[in-house]
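As stored in entry.txt (compact mmCIF, C-alpha atoms):
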```
# COMPACT_ATOMS: atom_id res chain seq x y z
CA MET A 296 0.00 0.00 0.00
CA PHE A 297 2.71 2.47 1.02
CA THR A 298 4.83 1.43 -1.95
CA PHE A 299 1.97 2.40 -4.26
CA PHE A 300 1.69 5.87 -2.65
CA PHE A 301 5.43 6.43 -2.84
CA VAL A 302 5.52 5.40 -6.50
CA LEU A 303 2.71 7.86 -7.34
CA LEU A 304 4.46 10.71 -5.48
CA ILE A 305 7.76 9.91 -7.22
CA ILE A 306 5.98 10.04 -10.60
CA ALA A 307 4.64 13.49 -9.62
CA SER A 308 8.17 14.57 -8.64
CA PHE A 309 9.50 13.49 -12.01
CA MET A 310 6.78 15.59 -13.67
CA CYS A 311 8.11 18.59 -11.69
CA LEU A 312 11.68 17.74 -12.72
CA TYR A 313 10.57 17.62 -16.35
CA ARG A 314 9.22 21.16 -15.99
CA VAL A 315 12.49 22.25 -14.37
CA MET A 316 14.41 20.76 -17.28
CA VAL A 317 12.41 22.10 -20.25
CA GLY A 318 10.62 25.11 -18.74
CA PRO A 319 10.96 27.96 -21.23
CA THR A 320 11.15 30.83 -18.75
CA PRO A 321 12.80 31.18 -15.31
CA PRO A 322 9.50 31.51 -13.33
CA ASP A 323 8.37 28.11 -14.65
CA ARG A 324 11.42 26.52 -13.06
CA MET A 325 10.81 28.42 -9.82
CA VAL A 326 7.20 27.17 -9.65
CA ALA A 327 8.37 23.63 -10.27
CA ILE A 328 11.01 23.84 -7.51
CA ASP A 329 8.39 25.23 -5.08
CA ILE A 330 5.94 22.43 -5.89
CA LEU A 331 8.73 19.87 -5.52
CA GLY A 332 9.39 21.17 -2.00
CA ILE A 333 5.75 20.73 -1.00
CA LEU A 334 5.73 17.21 -2.49
CA VAL A 335 8.79 16.31 -0.41
CA VAL A 336 6.92 17.50 2.72
CA GLY A 337 4.11 15.04 1.91
CA MET A 338 6.62 12.28 1.24
CA CYS A 339 8.33 12.86 4.60
CA ALA A 340 4.95 12.66 6.36
CA LEU A 341 4.12 9.39 4.60
CA TYR A 342 7.53 7.99 5.52
CA ALA A 343 6.90 8.95 9.15
CA ALA A 344 3.64 6.99 9.09
CA TYR A 345 5.42 4.07 7.34
CA THR A 346 8.22 3.71 9.88
CA LYS A 347 6.09 4.85 12.89
CA ARG A 348 8.78 7.33 13.88
CA GLY A 349 7.73 10.89 14.60
CA PHE A 350 10.99 12.68 13.95
CA TYR A 351 10.57 12.60 10.17
CA LEU A 352 7.83 15.18 10.76
CA TYR A 353 10.51 17.57 12.06
CA ILE A 354 12.19 17.22 8.66
CA ALA A 355 8.83 17.99 7.00
CA ILE A 356 8.31 21.18 9.07
CA SER A 357 11.81 22.51 8.47
CA TRP A 358 11.62 21.64 4.76
CA ALA A 359 8.37 23.61 4.43
CA ILE A 360 9.91 26.71 6.05
CA LEU A 361 13.18 26.53 4.09
CA SER A 362 11.38 26.00 0.77
CA PHE A 363 9.29 29.11 1.46
CA VAL A 364 12.37 31.22 2.26
CA GLY A 365 14.16 29.97 -0.85
CA THR A 366 11.21 30.79 -3.10
CA LEU A 367 10.96 34.31 -1.67
CA ALA A 368 14.68 34.88 -2.26
CA LEU A 369 14.34 33.72 -5.87
CA VAL A 370 11.35 36.04 -6.38
CA LYS A 371 13.38 39.01 -5.13
CA PHE A 372 16.11 38.05 -7.58
CA LEU A 373 13.46 37.85 -10.33
CA GLU A 374 12.13 41.33 -9.61
CA GLY A 375 15.65 42.73 -9.72
CA ARG A 376 15.62 44.11 -6.19
CA GLY A 377 18.34 43.87 -3.58
CA PHE A 378 18.12 41.67 -0.51
CA ASP A 379 17.95 44.58 1.92
CA GLU A 380 14.58 46.03 0.87
CA MET B 148 -2.72 1.67 7.74
CA ASN B 149 -5.44 0.37 10.02
CA ASN B 150 -7.61 3.49 10.11
CA ASN B 151 -10.00 3.75 7.16
CA ILE B 152 -10.51 7.52 7.40
CA ALA B 153 -6.74 8.12 7.45
CA LEU B 154 -6.25 5.79 4.49
CA SER B 155 -8.91 7.52 2.38
CA LEU B 156 -7.47 10.98 3.25
CA VAL B 157 -4.03 9.86 2.14
CA ILE B 158 -5.44 8.45 -1.11
CA VAL B 159 -7.27 11.73 -1.83
CA GLY B 160 -4.08 13.69 -1.11
CA VAL B 161 -1.91 11.59 -3.40
CA VAL B 162 -4.44 11.88 -6.25
CA PHE B 163 -4.59 15.68 -5.82
CA ASP B 164 -0.78 15.87 -5.90
CA LEU B 165 -0.60 13.82 -9.06
CA LEU B 166 -3.27 15.90 -10.84
CA GLY B 167 -1.59 19.15 -9.80
CA CYS B 168 1.71 18.02 -11.28
CA LEU B 169 -0.12 16.93 -14.44
CA GLY B 170 -1.44 20.49 -14.69
CA LEU B 171 2.13 21.75 -14.24
CA ILE B 172 3.09 19.83 -17.37
CA ARG B 173 0.03 20.36 -19.56
CA LEU B 174 -0.92 24.03 -19.20
CA PRO B 175 0.43 26.70 -21.55
CA ASP B 176 1.99 29.56 -19.56
CA ILE B 177 3.40 30.47 -16.15
CA TYR B 178 0.21 31.91 -14.64
CA ASN B 179 -1.94 28.92 -15.61
CA ARG B 180 0.69 26.53 -14.29
CA LEU B 181 0.84 28.44 -11.01
CA GLN B 182 -2.95 28.38 -10.74
CA ALA B 183 -3.17 24.65 -11.34
CA ALA B 184 -0.18 23.43 -9.42
CA THR B 185 -0.04 25.46 -6.23
CA LYS B 186 -3.61 25.14 -5.03
CA SER B 187 -4.15 21.47 -5.68
CA VAL B 188 -0.72 20.41 -4.41
CA THR B 189 -1.24 22.44 -1.22
CA LEU B 190 -4.63 20.79 -0.64
CA GLY B 191 -3.22 17.35 -1.40
CA THR B 192 -0.27 17.71 0.95
CA CYS B 193 -2.53 19.04 3.71
CA ALA B 194 -4.80 16.00 3.23
CA ILE B 195 -1.80 13.65 3.46
CA LEU B 196 -0.59 15.37 6.63
CA PHE B 197 -4.05 15.23 8.21
CA GLY B 198 -4.29 11.54 7.39
CA VAL B 199 -0.89 10.94 8.97
CA ALA B 200 -2.02 12.90 12.05
CA LEU B 201 -5.09 10.67 12.33
CA GLU B 202 -2.87 7.62 11.91
CA PHE B 203 -0.58 8.70 14.76
CA GLY B 204 -3.55 9.78 16.89
CA ILE B 205 -4.42 13.44 16.92
CA VAL B 206 -3.34 14.30 20.47
CA SER B 207 -0.12 12.27 20.41
CA SER B 208 3.22 13.95 19.69
CA GLY B 209 3.30 12.84 16.05
CA GLY B 210 -0.21 14.13 15.45
CA ILE B 211 0.55 17.54 16.91
CA LYS B 212 3.71 17.77 14.77
CA ALA B 213 1.68 16.95 11.66
CA LEU B 214 -0.92 19.60 12.56
CA ILE B 215 1.83 22.23 12.99
CA CYS B 216 3.16 21.21 9.59
CA ILE B 217 -0.33 21.68 8.07
CA LEU B 218 -0.37 25.18 9.55
CA PHE B 219 3.01 26.05 8.01
CA VAL B 220 2.12 24.67 4.57
CA MET B 221 -1.24 26.45 4.51
CA PHE B 222 0.38 29.78 5.41
CA THR B 223 3.55 29.69 3.36
CA SER B 224 2.52 28.08 0.07
CA PRO B 225 -0.15 30.61 -1.08
CA THR B 226 2.14 33.46 0.00
CA ALA B 227 4.96 32.09 -2.14
CA ALA B 228 2.59 31.61 -5.10
CA HIS B 229 1.29 35.19 -4.82
CA ALA B 230 4.81 36.60 -4.64
CA LEU B 231 5.87 34.50 -7.63
CA ALA B 232 2.92 35.60 -9.79
CA LYS B 233 3.40 39.27 -8.90
CA GLY B 234 7.13 39.08 -9.46
CA SER B 235 6.84 37.47 -12.86
CA HIS B 236 4.19 40.01 -13.92
CA THR B 237 6.40 42.88 -12.70
CA SER B 238 9.44 41.66 -14.57
CA GLY B 239 7.42 41.46 -17.76
CA PHE B 240 6.70 37.85 -18.65
CA LYS B 241 3.89 37.71 -21.21
CA LEU B 242 0.51 36.04 -20.73
CA TRP B 243 -0.59 33.24 -23.03
CA GLU B 244 -2.18 34.61 -26.22
CA GLY B 245 -5.54 32.98 -25.35
CA SER B 246 -5.81 34.86 -22.05
CA LYS B 247 -8.60 37.44 -22.03
CA VAL B 248 -8.27 39.63 -18.93
CA ASP B 249 -5.20 41.29 -17.39
CA LYS B 250 -6.47 43.48 -14.55
CA LEU B 251 -3.09 43.99 -12.91
CA LYS B 252 -1.77 45.64 -16.09
CA LYS B 253 -4.87 47.86 -16.17
CA ASP B 254 -4.27 48.85 -12.55
CA LYS B 255 -0.65 49.69 -13.25
CA GLU B 256 -1.57 51.93 -16.19
CA LYS B 257 -3.80 54.10 -14.00
```
Please rewrite the model in this file as structure tokens.
Amino acid sequence: MFTFFFVLLIIASFMCLYRVMVGPTPPDRMVAIDILGILVVGMCALYAAYTKRGFYLYIAISWAILSFVGTLALVKFLEGRGFDE
Amino acid sequence: MNNNIALSLVIVGVVFDLLGCLGLIRLPDIYNRLQAATKSVTLGTCAILFGVALEFGIVSSGGIKALICILFVMFTSPTAAHALAKGSHTSGFKLWEGSKVDKLKKDKEK
């Protein structure tokens, strides 16, 4: 059962990687990286339920926060502003 | 998983994730892709996390961690999507030629 879920999520991740590879403009790649971060959060939660160990959820929480910060930094780079505004 | 409600929530979440990533591949331009991918993947991941919280038991330590993670994902993901859409519109990426309405451009011309 869990193997099936993991295979489906990995297929979704490869769809995101396809968009990162061929995406014609830079924001397409940024969207795909953001979505890939959220998918990894779901995968960490499923792995926590699979192994019955709670500390994988810490990885999920910190991955969510760091993915958000990384996307905001890339958006500031996209708008051409400095990091101190 | 032994809990039927948790199992069905996880199945719904995985299906939403898969369809969101399908939209990321199929749709024509950046704004449509953002519209399709961000919302459905956020909902799908929140459903997976809620199912995992029910599987751990909602007042146990794992359940509370999963609920905190739902809170973070639901706050940060729409904010990142909004910033990304506004940033790409500001730096001048074109809409798809089939798009009809561009109200942000109209607001900026005022």
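For the choices B:Cys168, B:Ile158, B:Ile211, B:Ala153, the atom-to-atom distance to Met310 (chain A) is smallest for B:Cys168 when using all atoms listed in the file.
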(request) Might you pull out every residue within 9 Å of Leu218 (chain B), with all atoms listed in the file counted and same-chain residues fewer than 5 positions away left off, and present them as a ChimeraX atom specification? (result) /B:193,213,223
(request) Write out as a VMD selection string every residue belonging to chain B that has an atom at most 8 Å from any atom of chain A, counting all atoms listed in the file. (result) chain B and resid 158 161 164 to 165 168 to 169 171 to 172 177 180 to 181 184 to 185 188 to 189 192 to 193 195 to 196 199 202 to 203 208 to 209 212 to 213 215 to 216 219 to 220 223 to 224 227 to 228 230 to 231 234 to 235 237 to 238
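Computed from the coordinates, the CA of Ala368 (chain A) to CA of Leu242 (chain B) distance equals 23.3 Å.
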Give, as JSON, the centre coordinates and the x, y and z edge lengths in Å to one decimal for an axis-aligned box around all listed atoms of region 356-373 of chain A, padded by 5 Å on each side.
```
{"center_x": 12.2, "center_y": 30.1, "center_z": -0.6, "size_x": 17.8, "size_y": 27.8, "size_z": 29.4}
```
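Across B:Asp249, B:Val157, B:Gly170, B:Lys233, the tightest approach to Leu201 (chain B) is made by B:Val157 when counting all atoms listed in the file.
Straight-line separation from CA of Phe163 (chain B) to CA of Lys250 (chain B): 29.2 Å.
Computed from the coordinates, the CA of Gly198 (chain B) to CA of Met221 (chain B) distance equals 15.5 Å.
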